[in-house]
>>> print(open('target.tsv').read())   # TSV, C-alpha atoms and all ligand atoms
chain	number	residue	atom	x	y	z
A	1	MET	CA	-11.83	-39.82	-6.25
A	2	THR	CA	-14.68	-37.34	-6.63
A	3	LEU	CA	-15.43	-35.62	-9.94
A	4	VAL	CA	-15.77	-31.85	-9.50
A	5	LYS	CA	-17.04	-29.21	-11.90
A	6	ALA	CA	-14.78	-26.23	-12.55
A	7	TYR	CA	-13.73	-23.44	-14.89
A	8	ALA	CA	-10.23	-23.61	-16.32
A	9	ALA	CA	-7.88	-21.86	-18.72
A	10	GLN	CA	-6.43	-24.33	-21.22
A	11	ALA	CA	-3.72	-21.92	-22.44
A	12	ALA	CA	-2.46	-18.38	-21.77
A	13	ASP	CA	-4.38	-16.91	-24.68
A	14	GLN	CA	-7.61	-18.86	-24.10
A	15	PRO	CA	-10.66	-17.69	-22.11
A	16	LEU	CA	-11.69	-19.73	-19.09
A	17	ALA	CA	-14.27	-22.42	-19.93
A	18	PRO	CA	-16.09	-25.32	-18.23
A	19	TYR	CA	-13.83	-28.17	-17.14
A	20	SER	CA	-14.04	-31.13	-14.75
A	21	PHE	CA	-11.40	-33.06	-12.84
A	22	GLU	CA	-11.05	-35.43	-9.89
A	23	ARG	CA	-10.25	-34.45	-6.30
A	24	ARG	CA	-8.90	-36.95	-3.78
A	25	GLU	CA	-11.25	-38.66	-1.33
A	26	PRO	CA	-10.84	-36.98	2.10
A	27	GLN	CA	-7.91	-38.62	3.95
A	28	ALA	CA	-7.64	-38.79	7.77
A	29	GLU	CA	-6.62	-35.09	8.13
A	30	ASP	CA	-8.73	-33.75	5.27
A	31	VAL	CA	-11.75	-31.48	5.12
A	32	GLU	CA	-13.95	-31.60	2.00
A	33	ILE	CA	-15.66	-28.27	1.29
A	34	LYS	CA	-18.53	-27.38	-1.02
A	35	ILE	CA	-17.55	-23.97	-2.34
A	36	LEU	CA	-20.24	-21.28	-2.02
A	37	PHE	CA	-18.28	-18.18	-3.08
A	38	CYS	CA	-14.90	-17.50	-4.65
A	39	GLY	CA	-13.36	-14.04	-5.04
A	40	VAL	CA	-11.50	-13.01	-8.20
A	41	CYS	CA	-7.95	-11.84	-7.37
A	42	HIS	CA	-5.66	-10.16	-9.89
A	43	SER	CA	-3.22	-13.04	-9.19
A	44	ASP	CA	-5.81	-15.32	-10.85
A	45	ILE	CA	-5.40	-13.28	-14.04
A	46	HIS	CA	-1.57	-13.15	-13.84
A	47	THR	CA	-1.64	-16.97	-13.51
A	48	ALA	CA	-4.34	-17.87	-16.05
A	49	ARG	CA	-2.48	-15.76	-18.63
A	50	ASN	CA	0.98	-17.04	-17.59
A	51	GLU	CA	2.20	-13.48	-16.93
A	52	TRP	CA	4.56	-14.65	-14.17
A	53	GLY	CA	5.64	-17.74	-16.16
A	54	GLY	CA	5.30	-21.33	-14.95
A	55	THR	CA	1.55	-21.79	-15.35
A	56	VAL	CA	0.61	-25.46	-15.75
A	57	TYR	CA	-2.49	-25.98	-17.92
A	58	PRO	CA	-5.34	-26.66	-17.50
A	59	SER	CA	-5.24	-23.97	-14.81
A	60	VAL	CA	-8.12	-23.54	-12.33
A	61	PRO	CA	-7.53	-20.27	-10.40
A	62	GLY	CA	-9.31	-19.07	-7.23
A	63	HIS	CA	-7.97	-18.61	-3.69
A	64	GLU	CA	-10.62	-16.57	-1.90
A	65	ILE	CA	-12.86	-19.46	-0.93
A	66	VAL	CA	-15.79	-19.68	1.48
A	67	GLY	CA	-17.87	-22.83	1.71
A	68	THR	CA	-19.55	-25.51	3.78
A	69	VAL	CA	-17.88	-28.64	5.12
A	70	THR	CA	-19.35	-31.74	3.46
A	71	ARG	CA	-17.07	-34.51	4.78
A	72	VAL	CA	-14.17	-34.79	7.23
A	73	GLY	CA	-11.45	-37.43	7.71
A	74	SER	CA	-11.18	-39.58	10.83
A	75	ASN	CA	-8.51	-37.39	12.54
A	76	VAL	CA	-10.27	-34.07	11.95
A	77	THR	CA	-11.16	-32.49	15.27
A	78	ARG	CA	-11.65	-28.79	14.49
A	79	PHE	CA	-14.40	-29.09	11.86
A	80	LYS	CA	-17.56	-31.08	11.25
A	81	GLU	CA	-20.07	-31.43	8.42
A	82	GLY	CA	-22.11	-28.24	7.98
A	83	ASP	CA	-19.47	-25.83	9.37
A	84	THR	CA	-18.79	-22.62	7.43
A	85	VAL	CA	-15.09	-22.40	6.55
A	86	GLY	CA	-12.59	-20.54	4.41
A	87	VAL	CA	-9.52	-21.43	2.35
A	88	GLY	CA	-7.01	-18.80	1.27
A	89	CYS	CA	-3.87	-18.70	-0.85
A	90	PHE	CA	-2.14	-21.88	0.28
A	91	VAL	CA	-3.23	-25.38	1.26
A	92	ASP	CA	-0.06	-27.05	2.54
A	93	SER	CA	3.57	-26.54	3.60
A	94	CYS	CA	6.37	-28.71	5.05
A	95	ARG	CA	5.23	-27.95	8.65
A	96	HIS	CA	8.67	-28.52	10.20
A	97	CYS	CA	10.96	-25.70	8.98
A	98	SER	CA	11.58	-22.71	11.23
A	99	ASN	CA	9.11	-20.49	9.36
A	100	CYS	CA	6.36	-23.13	9.53
A	101	ASN	CA	7.09	-23.49	13.27
A	102	ASP	CA	6.73	-19.71	13.62
A	103	ASP	CA	3.27	-19.68	11.93
A	104	LEU	CA	4.75	-18.22	8.74
A	105	GLU	CA	3.75	-21.06	6.42
A	106	GLN	CA	3.64	-18.63	3.48
A	107	TYR	CA	7.44	-18.40	3.76
A	108	CYS	CA	7.98	-22.17	4.18
A	109	GLU	CA	11.68	-22.78	3.55
A	110	ASN	CA	10.88	-25.99	1.69
A	111	GLY	CA	8.22	-24.38	-0.49
A	112	HIS	CA	4.58	-24.04	0.47
A	113	THR	CA	1.78	-25.42	-1.70
A	114	GLN	CA	-0.42	-22.65	-3.05
A	115	THR	CA	-4.11	-23.25	-3.62
A	116	TYR	CA	-3.60	-23.32	-7.39
A	117	ASN	CA	-0.76	-23.77	-9.86
A	118	SER	CA	1.54	-25.18	-7.19
A	119	LEU	CA	3.18	-28.55	-6.56
A	120	SER	CA	1.66	-30.70	-3.83
A	121	GLN	CA	4.06	-31.49	-0.95
A	122	ASP	CA	4.53	-35.02	-2.34
A	123	LYS	CA	5.31	-33.40	-5.74
A	124	GLN	CA	2.77	-35.68	-7.41
A	125	TYR	CA	0.35	-33.10	-8.82
A	126	THR	CA	-0.28	-29.40	-9.48
A	127	THR	CA	-3.03	-27.86	-7.38
A	128	LEU	CA	-6.32	-26.63	-8.88
A	129	GLY	CA	-8.15	-23.80	-7.15
A	130	GLY	CA	-11.47	-22.43	-6.10
A	131	TYR	CA	-13.31	-21.89	-9.40
A	132	SER	CA	-14.66	-25.38	-8.68
A	133	SER	CA	-17.57	-27.03	-6.91
A	134	HIS	CA	-15.51	-28.66	-4.10
A	135	ILE	CA	-12.03	-28.58	-2.61
A	136	VAL	CA	-10.25	-30.99	-0.24
A	137	VAL	CA	-7.77	-29.38	2.19
A	138	THR	CA	-5.80	-30.72	5.14
A	139	GLN	CA	-7.34	-29.33	8.34
A	140	HIS	CA	-4.43	-27.10	9.43
A	141	PHE	CA	-5.00	-24.88	6.37
A	142	VAL	CA	-8.78	-24.50	6.82
A	143	LEU	CA	-10.08	-21.35	8.52
A	144	SER	CA	-13.18	-20.91	10.66
A	145	VAL	CA	-15.59	-18.31	9.29
A	146	SER	CA	-18.16	-16.55	11.45
A	147	ASP	CA	-21.62	-16.61	9.91
A	148	LYS	CA	-22.26	-13.17	11.50
A	149	LEU	CA	-21.02	-11.53	8.26
A	150	PRO	CA	-22.40	-11.97	4.69
A	151	LEU	CA	-20.28	-14.82	3.34
A	152	GLU	CA	-19.86	-13.47	-0.20
A	153	LYS	CA	-18.27	-10.36	1.31
A	154	VAL	CA	-16.04	-12.46	3.55
A	155	ALA	CA	-14.55	-14.51	0.66
A	156	PRO	CA	-12.16	-11.71	-0.48
A	157	LEU	CA	-10.76	-11.46	3.06
A	158	LEU	CA	-9.01	-14.81	2.42
A	159	CYS	CA	-6.53	-13.08	0.08
A	160	ALA	CA	-7.12	-9.33	-0.22
A	161	GLY	CA	-7.91	-9.09	3.51
A	162	ILE	CA	-4.95	-11.03	4.92
A	163	THR	CA	-2.48	-9.65	2.35
A	164	THR	CA	-3.18	-6.12	3.59
A	165	TYR	CA	-3.74	-6.96	7.29
A	166	SER	CA	-0.42	-8.82	7.69
A	167	PRO	CA	1.96	-5.96	6.76
A	168	LEU	CA	-0.09	-3.43	8.76
A	169	ARG	CA	0.45	-5.65	11.83
A	170	HIS	CA	4.04	-6.63	11.04
A	171	TRP	CA	5.21	-3.02	10.66
A	172	GLY	CA	3.09	-1.93	13.62
A	173	VAL	CA	0.83	0.64	11.94
A	174	LYS	CA	-0.95	2.55	14.68
A	175	ALA	CA	-3.25	5.48	15.39
A	176	GLY	CA	-1.89	8.73	14.02
A	177	ASP	CA	0.47	7.19	11.44
A	178	LYS	CA	0.22	8.76	8.00
A	179	LEU	CA	-0.30	5.95	5.51
A	180	ALA	CA	-0.86	5.99	1.76
A	181	VAL	CA	-2.42	3.20	-0.29
A	182	VAL	CA	-1.47	3.07	-3.98
A	183	GLY	CA	-4.09	1.58	-6.35
A	184	LEU	CA	-7.77	1.27	-5.47
A	185	GLY	CA	-8.71	-2.29	-6.46
A	186	GLY	CA	-9.28	-5.48	-4.47
A	187	LEU	CA	-6.23	-5.20	-2.21
A	188	GLY	CA	-6.32	-1.40	-2.14
A	189	HIS	CA	-9.87	-1.12	-0.84
A	190	MET	CA	-9.14	-3.62	1.96
A	191	ALA	CA	-5.92	-1.74	2.85
A	192	VAL	CA	-7.93	1.49	3.19
A	193	LYS	CA	-10.59	-0.13	5.40
A	194	LEU	CA	-8.13	-1.99	7.62
A	195	ALA	CA	-5.61	0.85	8.04
A	196	ALA	CA	-8.43	3.30	8.85
A	197	SER	CA	-9.83	0.82	11.40
A	198	MET	CA	-6.41	0.81	13.11
A	199	GLY	CA	-6.49	4.61	13.41
A	200	ALA	CA	-4.07	5.55	10.62
A	201	GLU	CA	-4.61	8.76	8.64
A	202	VAL	CA	-5.13	7.26	5.17
A	203	THR	CA	-4.44	8.88	1.80
A	204	MET	CA	-5.59	7.12	-1.37
A	205	LEU	CA	-3.12	7.48	-4.25
A	206	SER	CA	-4.93	6.60	-7.48
A	207	ARG	CA	-4.68	7.29	-11.18
A	208	SER	CA	-8.52	7.24	-11.42
A	209	PRO	CA	-10.26	10.55	-10.50
A	210	LYS	CA	-13.69	8.88	-10.54
A	211	LYS	CA	-12.70	6.73	-7.54
A	212	GLU	CA	-12.34	9.70	-5.15
A	213	LYS	CA	-15.86	9.50	-3.71
A	214	ASP	CA	-15.56	5.73	-3.19
A	215	ALA	CA	-12.17	6.12	-1.50
A	216	ASN	CA	-13.67	8.54	1.00
A	217	GLU	CA	-16.62	6.24	1.65
A	218	LEU	CA	-14.23	3.34	2.24
A	219	GLY	CA	-12.54	5.37	4.98
A	220	ALA	CA	-9.71	7.29	3.27
A	221	HIS	CA	-9.17	10.74	4.77
A	222	HIS	CA	-7.51	12.19	1.67
A	223	PHE	CA	-7.34	11.41	-2.05
A	224	ALA	CA	-4.53	12.32	-4.46
A	225	LEU	CA	-4.20	11.78	-8.19
A	226	THR	CA	-0.91	10.12	-9.05
A	227	THR	CA	-1.09	11.49	-12.60
A	228	ASP	CA	-0.88	15.10	-11.32
A	229	ALA	CA	2.80	16.06	-10.99
A	230	ASP	CA	2.10	19.08	-8.73
A	231	THR	CA	0.01	16.97	-6.34
A	232	MET	CA	2.77	14.35	-6.14
A	233	ALA	CA	5.47	17.00	-5.58
A	234	GLY	CA	3.38	18.51	-2.78
A	235	LEU	CA	3.27	15.14	-0.99
A	236	ALA	CA	7.09	14.74	-0.72
A	237	ASN	CA	8.22	13.55	2.75
A	238	THR	CA	4.64	12.99	3.97
A	239	PHE	CA	4.03	9.32	4.82
A	240	ASN	CA	5.24	6.88	7.46
A	241	PHE	CA	3.98	4.01	5.30
A	242	ILE	CA	3.00	3.37	1.70
A	243	ILE	CA	1.10	0.19	0.80
A	244	ASP	CA	1.56	-0.40	-2.94
A	245	THR	CA	-1.08	-2.68	-4.51
A	246	VAL	CA	-0.57	-1.82	-8.18
A	247	SER	CA	-0.61	-4.85	-10.52
A	248	ALA	CA	1.22	-3.27	-13.49
A	249	PRO	CA	4.76	-1.84	-13.77
A	250	HIS	CA	5.14	1.67	-12.31
A	251	ASP	CA	8.00	3.82	-11.04
A	252	TYR	CA	8.68	3.04	-7.35
A	253	ASN	CA	11.10	5.98	-7.13
A	254	GLU	CA	8.21	8.45	-7.45
A	255	TYR	CA	6.51	6.93	-4.40
A	256	LEU	CA	9.67	6.48	-2.29
A	257	ALA	CA	10.06	10.26	-2.43
A	258	LEU	CA	6.73	10.61	-0.60
A	259	LEU	CA	8.05	8.76	2.49
A	260	LYS	CA	9.23	10.62	5.60
A	261	THR	CA	12.62	9.73	7.10
A	262	ASP	CA	12.52	6.05	8.19
A	263	GLY	CA	9.35	5.57	6.16
A	264	VAL	CA	8.52	2.12	4.80
A	265	MET	CA	7.02	1.29	1.40
A	266	VAL	CA	5.47	-2.18	1.26
A	267	LEU	CA	5.12	-3.86	-2.14
A	268	LEU	CA	2.06	-6.09	-2.34
A	269	GLY	CA	1.32	-5.71	-6.06
A	270	ALA	CA	3.35	-8.11	-8.18
A	271	PRO	CA	3.90	-6.68	-11.69
A	272	PRO	CA	5.50	-9.27	-13.96
A	273	GLU	CA	8.38	-7.00	-15.04
A	274	PRO	CA	11.11	-5.63	-12.68
A	275	THR	CA	11.39	-1.88	-11.98
A	276	PRO	CA	14.76	-0.14	-11.44
A	277	VAL	CA	15.18	1.88	-8.23
A	278	GLY	CA	17.87	4.47	-7.48
A	279	ALA	CA	20.05	4.55	-4.34
A	280	PHE	CA	19.34	8.16	-3.42
A	281	PRO	CA	15.71	7.91	-2.22
A	282	PHE	CA	16.91	5.33	0.33
A	283	ILE	CA	20.13	7.06	1.39
A	284	MET	CA	18.68	10.54	1.77
A	285	GLY	CA	15.80	9.55	4.01
A	286	ARG	CA	16.91	6.20	5.53
A	287	ARG	CA	13.83	4.81	3.79
A	288	SER	CA	12.95	1.13	3.21
A	289	LEU	CA	11.33	-0.73	0.33
A	290	VAL	CA	9.95	-4.09	1.45
A	291	GLY	CA	7.47	-6.73	0.31
A	292	SER	CA	4.98	-9.05	1.96
A	293	LEU	CA	3.23	-12.27	0.94
A	294	VAL	CA	-0.32	-12.92	2.21
A	295	GLY	CA	-0.14	-14.06	5.88
A	296	GLY	CA	0.22	-17.27	7.91
A	297	ILE	CA	-2.73	-19.43	8.93
A	298	LYS	CA	-2.76	-18.22	12.56
A	299	GLU	CA	-2.70	-14.60	11.43
A	300	THR	CA	-5.40	-15.27	8.80
A	301	GLN	CA	-7.68	-16.58	11.55
A	302	GLU	CA	-6.82	-13.51	13.67
A	303	MET	CA	-7.71	-11.26	10.69
A	304	LEU	CA	-11.06	-13.06	10.11
A	305	ASP	CA	-11.90	-12.67	13.81
A	306	TYR	CA	-10.81	-9.00	13.75
A	307	CYS	CA	-13.03	-8.33	10.71
A	308	ALA	CA	-16.02	-10.09	12.34
A	309	GLU	CA	-15.51	-8.02	15.49
A	310	HIS	CA	-15.12	-4.71	13.61
A	311	ASN	CA	-17.75	-5.50	10.96
A	312	ILE	CA	-15.23	-5.21	8.11
A	313	THR	CA	-15.97	-6.95	4.80
A	314	SER	CA	-15.15	-6.48	1.14
A	315	ASP	CA	-17.27	-4.39	-1.25
A	316	VAL	CA	-18.24	-6.95	-3.86
A	317	GLU	CA	-19.91	-7.27	-7.23
A	318	MET	CA	-21.43	-10.71	-7.64
A	319	ILE	CA	-21.02	-12.56	-10.92
A	320	ASN	CA	-22.09	-15.89	-12.39
A	321	ILE	CA	-19.23	-18.20	-13.33
A	322	ASN	CA	-19.92	-17.68	-17.04
A	323	GLN	CA	-19.11	-13.96	-16.60
A	324	ILE	CA	-15.56	-14.69	-15.43
A	325	ASN	CA	-13.82	-13.66	-18.66
A	326	GLU	CA	-15.70	-10.36	-18.75
A	327	ALA	CA	-14.78	-9.82	-15.07
A	328	TYR	CA	-11.09	-10.30	-15.97
A	329	GLU	CA	-11.34	-7.65	-18.70
A	330	ARG	CA	-13.09	-5.23	-16.36
A	331	THR	CA	-10.46	-5.82	-13.66
A	332	LEU	CA	-7.69	-5.09	-16.15
A	333	ALA	CA	-9.50	-1.86	-17.11
A	334	GLY	CA	-9.62	-0.82	-13.41
A	335	ASP	CA	-13.42	-1.19	-13.50
A	336	VAL	CA	-13.91	-3.26	-10.33
A	337	HIS	CA	-15.86	-2.08	-7.25
A	338	TYR	CA	-13.98	-3.53	-5.50
A	339	ARG	CA	-13.90	-7.30	-5.84
A	340	PHE	CA	-15.71	-9.62	-8.20
A	341	VAL	CA	-17.04	-12.66	-6.34
A	342	ILE	CA	-18.36	-15.73	-8.15
A	343	ASP	CA	-21.61	-17.26	-6.92
A	344	MET	CA	-20.51	-20.88	-7.24
A	345	ALA	CA	-24.13	-22.07	-7.34
A	346	THR	CA	-24.02	-20.93	-10.99
A	347	LEU	CA	-21.28	-23.43	-11.89
B	401	LIG	P1	-6.86	-5.03	-8.87
B	401	LIG	O1	-8.16	-5.22	-8.17
B	401	LIG	O2	-6.80	-5.14	-10.34
B	401	LIG	O3	-6.28	-3.61	-8.38
B	401	LIG	C1	-5.07	-3.08	-8.87
B	401	LIG	C2	-5.18	-1.55	-8.91
B	401	LIG	O4	-3.90	-1.04	-9.32
B	401	LIG	C3	-6.16	-1.00	-9.94
B	401	LIG	O5	-7.49	-0.94	-9.48
B	401	LIG	C4	-5.58	0.38	-10.21
B	401	LIG	O6	-6.00	1.29	-9.19
B	401	LIG	C5	-4.09	0.15	-10.07
B	401	LIG	N1	-3.48	-0.07	-11.40
B	401	LIG	C6	-3.71	-1.09	-12.27
B	401	LIG	N2	-2.97	-0.95	-13.39
B	401	LIG	C7	-2.26	0.17	-13.21
B	401	LIG	C8	-1.31	0.85	-14.00
B	401	LIG	N3	-0.99	0.41	-15.23
B	401	LIG	N4	-0.74	1.96	-13.51
B	401	LIG	C9	-1.11	2.43	-12.29
B	401	LIG	N5	-2.04	1.82	-11.51
B	401	LIG	C10	-2.58	0.72	-11.96
B	401	LIG	O7	-5.77	-6.09	-8.33
B	401	LIG	P2	-5.66	-6.81	-6.88
B	401	LIG	O8	-6.42	-8.09	-6.91
B	401	LIG	O9	-5.88	-5.81	-5.81
B	401	LIG	O10	-4.11	-7.23	-6.93
B	401	LIG	C11	-3.11	-6.25	-7.04
B	401	LIG	C12	-1.74	-6.88	-7.20
B	401	LIG	O11	-1.39	-7.53	-5.98
B	401	LIG	C13	-1.65	-7.94	-8.29
B	401	LIG	O12	-0.37	-7.82	-8.93
B	401	LIG	C14	-1.71	-9.25	-7.51
B	401	LIG	O13	-1.09	-10.34	-8.16
B	401	LIG	C15	-0.95	-8.86	-6.28
B	401	LIG	N6	-1.21	-9.68	-5.08
B	401	LIG	C16	-0.19	-9.86	-4.22
B	401	LIG	C17	-0.37	-10.57	-3.05
B	401	LIG	C18	0.74	-10.71	-2.07
B	401	LIG	O14	0.68	-11.61	-1.23
B	401	LIG	N7	1.71	-9.84	-2.08
B	401	LIG	C19	-1.64	-11.12	-2.79
B	401	LIG	C20	-2.67	-10.90	-3.69
B	401	LIG	C21	-2.46	-10.16	-4.83
B	401	LIG	P3	-6.30	2.87	-9.51
B	401	LIG	O15	-7.33	2.88	-10.61
B	401	LIG	O16	-6.79	3.37	-8.22
B	401	LIG	O17	-5.01	3.50	-9.88
B	402	ZN	ZN	-4.97	-13.25	-4.29
B	403	ZN	ZN	8.05	-25.21	6.05
>>> encode(input="target.tsv", output="structure tokens", more="lines below")
Ligand code: NAP
Ligand code: ZN
Ligand code: ZN
Amino acid sequence: MTLVKAYAAQAADQPLAPYSFERREPQAEDVEIKILFCGVCHSDIHTARNEWGGTVYPSVPGHEIVGTVTRVGSNVTRFKEGDTVGVGCFVDSCRHCSNCNDDLEQYCENGHTQTYNSLSQDKQYTTLGGYSSHIVVTQHFVLSVSDKLPLEKVAPLLCAGITTYSPLRHWGVKAGDKLAVVGLGGLGHMAVKLAASMGAEVTMLSRSPKKEKDANELGAHHFALTTDADTMAGLANTFNFIIDTVSAPHDYNEYLALLKTDGVMVLLGAPPEPTPVGAFPFIMGRRSLVGSLVGGIKETQEMLDYCAEHNITSDVEMININQINEAYERTLAGDVHYRFVIDMATL
């Protein structure tokens, strides 16, 4: 076992604080990674504060990981010491169900193992995530990262990037489609960049007027304030797609009305409380409300390669690990531009 340094929440109402724990020695299929950068996803906050229920304490969040390989097991062929690699939202799955066989490990029928707060496949322990000095991951779930791009700006691609890329590909978003992104935070800013790169005409739907300039610089063609009833009414029947990244409860019915006939609204944001939806917005326009969870390993590699080729990275604000609690508060206040990333050298 190797002792690693980390930051953990000890309870839902406690700030994160220094913590240490033991990681397994690399087994035959394992890659040991020294973590250089870890992005701060809103899911980290939902989990640390037990907003979704089921958090096991101490909880070490973090699933936007970029680092350097330090050791590999005897069967590892794809990586060697010194390689730059990434780890995203999950680190294992059953690997034999039909979804795993179709490169959809995130929908593993036997339950995938998330990077933190998740049972290992042998059900012996709960995973601890990337706010830590090292992580040990079986090679199938390790991604290759090009060192062409600044690594701190690549880290958020491992969750915010793939979570927005996957539905854009799955629902076949293409040049000329009218697409709206709801909520300009970590996921939202990647959705704008990626959808614009695929040729969609992008509208940013935000409750924050001061984000308009940023939205345009990120690649949005239009900006609309969701708090302005006239603006919202004027956008009825406008969009082929809506990508909803909002982390708090909000009325889906208002947004469904903005879809054209056959339009699709994709829920990515995961508010803890359910929201009622009426039948009529669906019936009247043959509209769909769907959801999507991150993306499989093969697609995550495809997304990283796509971003390297198109020079797409996250807009980040670097923090030291001891600023993590302040970063959570600022994220909750919508004051994030547009992803906090922890410099793990400060751990
Ligand atoms: P974030 O950076 O905090 O961004 C969320 C944005 O939503 C905010 O910047 C804000 O944008 C808007 N918002 C927040 N509270 C709101 C409210 N009360 N009413 C209206 N708008 C509000 O969060 P994130 O890291 O992008 O994550 C967003 C959500 O996606 C979280 O629930 C997270 O758990 C979830 N998530 C899901 C997946 C998946 O696989 N589906 C993956 C990762 C994260 P404006 O100021 O522009 O309105
Ligand atoms: Zn995430
Ligand atoms: Zn499976």
>>> residues_near_ligand(input="target.tsv", ligand="ligand LIG 401 (chain B)", cutoff="8 Å", atoms="all atoms listed in the file", output="PyMOL selection string")
chain A and resi 40-46+159-160+163+182-189+204-208+211+226+245-250+267-272+291-295+331-336+338-339
>>> residues_near_ligand(input="target.tsv", ligand="ligand ZN 403 (chain B)", cutoff="12 Å", atoms="only C-alpha atoms and all ligand atoms", output="list in words")
Asp92, Ser93, Cys94, Arg95, His96, Cys97, Ser98, Asn99, Cys100, Asn101, Asp102, Asp103, Leu104, Glu105, Gln106, Tyr107, Cys108, Glu109, Asn110, Gly111, His112, Thr113, Gln121 and Gly296 of chain A
>>> atom_distance(input="target.tsv", atom1="atom CA of Ala12 of chain A", atom2="atom CA of Cys89 of chain A")
21.0 Å
>>> atom_distance(input="target.tsv", atom1="atom CA of Tyr116 of chain A", atom2="atom CA of Val290 of chain A")
25.1 Å
>>> closest_residue(input="target.tsv", among="A:Cys38, A:Ile33, A:Val137, A:Val142", to="ligand ZN 402 (chain B)", atoms="all atoms listed in the file")
A:Cys38
>>> residues_around(input="target.tsv", residues="Leu289 of chain A", least_positions_apart="4", cutoff="12 Å", atoms="all atoms listed in the file", output="VMD selection string")
chain A and resid 241 to 244 252 to 253 255 to 257 259 262 to 268 277 to 279 281 to 283 285
>>> build_atoms(input="target.tsv", residues="segment 315-330 of chain A", atoms="N, CA and C atoms", output="PDB file, in the coordinates of the input")
ATOM      1  N   ASP A 315     -16.191  -4.882  -0.371  1.00  0.00           N
ATOM      2  CA  ASP A 315     -17.270  -4.390  -1.250  1.00  0.00           C
ATOM      3  C   ASP A 315     -17.229  -5.255  -2.498  1.00  0.00           C
ATOM      4  N   VAL A 316     -18.310  -5.959  -2.780  1.00  0.00           N
ATOM      5  CA  VAL A 316     -18.240  -6.950  -3.860  1.00  0.00           C
ATOM      6  C   VAL A 316     -19.262  -6.692  -4.945  1.00  0.00           C
ATOM      7  N   GLU A 317     -18.937  -7.186  -6.136  1.00  0.00           N
ATOM      8  CA  GLU A 317     -19.910  -7.270  -7.230  1.00  0.00           C
ATOM      9  C   GLU A 317     -20.031  -8.745  -7.576  1.00  0.00           C
ATOM     10  N   MET A 318     -21.232  -9.282  -7.403  1.00  0.00           N
ATOM     11  CA  MET A 318     -21.430 -10.710  -7.640  1.00  0.00           C
ATOM     12  C   MET A 318     -21.513 -10.999  -9.134  1.00  0.00           C
ATOM     13  N   ILE A 319     -20.911 -12.113  -9.528  1.00  0.00           N
ATOM     14  CA  ILE A 319     -21.020 -12.560 -10.920  1.00  0.00           C
ATOM     15  C   ILE A 319     -21.373 -14.039 -10.967  1.00  0.00           C
ATOM     16  N   ASN A 320     -21.934 -14.460 -12.101  1.00  0.00           N
ATOM     17  CA  ASN A 320     -22.090 -15.890 -12.390  1.00  0.00           C
ATOM     18  C   ASN A 320     -20.770 -16.376 -12.973  1.00  0.00           C
ATOM     19  N   ILE A 321     -20.525 -17.677 -12.861  1.00  0.00           N
ATOM     20  CA  ILE A 321     -19.230 -18.200 -13.330  1.00  0.00           C
ATOM     21  C   ILE A 321     -19.031 -17.929 -14.832  1.00  0.00           C
ATOM     22  N   ASN A 322     -20.122 -17.901 -15.599  1.00  0.00           N
ATOM     23  CA  ASN A 322     -19.920 -17.680 -17.040  1.00  0.00           C
ATOM     24  C   ASN A 322     -19.604 -16.222 -17.385  1.00  0.00           C
ATOM     25  N   GLN A 323     -19.530 -15.357 -16.372  1.00  0.00           N
ATOM     26  CA  GLN A 323     -19.110 -13.960 -16.600  1.00  0.00           C
ATOM     27  C   GLN A 323     -17.646 -13.738 -16.238  1.00  0.00           C
ATOM     28  N   ILE A 324     -16.920 -14.837 -15.957  1.00  0.00           N
ATOM     29  CA  ILE A 324     -15.560 -14.690 -15.430  1.00  0.00           C
ATOM     30  C   ILE A 324     -14.620 -13.987 -16.408  1.00  0.00           C
ATOM     31  N   ASN A 325     -14.753 -14.284 -17.696  1.00  0.00           N
ATOM     32  CA  ASN A 325     -13.820 -13.660 -18.660  1.00  0.00           C
ATOM     33  C   ASN A 325     -14.064 -12.152 -18.782  1.00  0.00           C
ATOM     34  N   GLU A 326     -15.341 -11.785 -18.730  1.00  0.00           N
ATOM     35  CA  GLU A 326     -15.700 -10.360 -18.750  1.00  0.00           C
ATOM     36  C   GLU A 326     -15.177  -9.673 -17.469  1.00  0.00           C
ATOM     37  N   ALA A 327     -15.285 -10.380 -16.340  1.00  0.00           N
ATOM     38  CA  ALA A 327     -14.780  -9.820 -15.070  1.00  0.00           C
ATOM     39  C   ALA A 327     -13.268  -9.591 -15.151  1.00  0.00           C
ATOM     40  N   TYR A 328     -12.534 -10.499 -15.795  1.00  0.00           N
ATOM     41  CA  TYR A 328     -11.090 -10.300 -15.970  1.00  0.00           C
ATOM     42  C   TYR A 328     -10.821  -9.023 -16.762  1.00  0.00           C
ATOM     43  N   GLU A 329     -11.563  -8.843 -17.866  1.00  0.00           N
ATOM     44  CA  GLU A 329     -11.340  -7.650 -18.700  1.00  0.00           C
ATOM     45  C   GLU A 329     -11.648  -6.385 -17.915  1.00  0.00           C
ATOM     46  N   ARG A 330     -12.726  -6.418 -17.142  1.00  0.00           N
ATOM     47  CA  ARG A 330     -13.090  -5.230 -16.360  1.00  0.00           C
ATOM     48  C   ARG A 330     -12.046  -4.955 -15.272  1.00  0.00           C
TER      49      ARG A 330
END
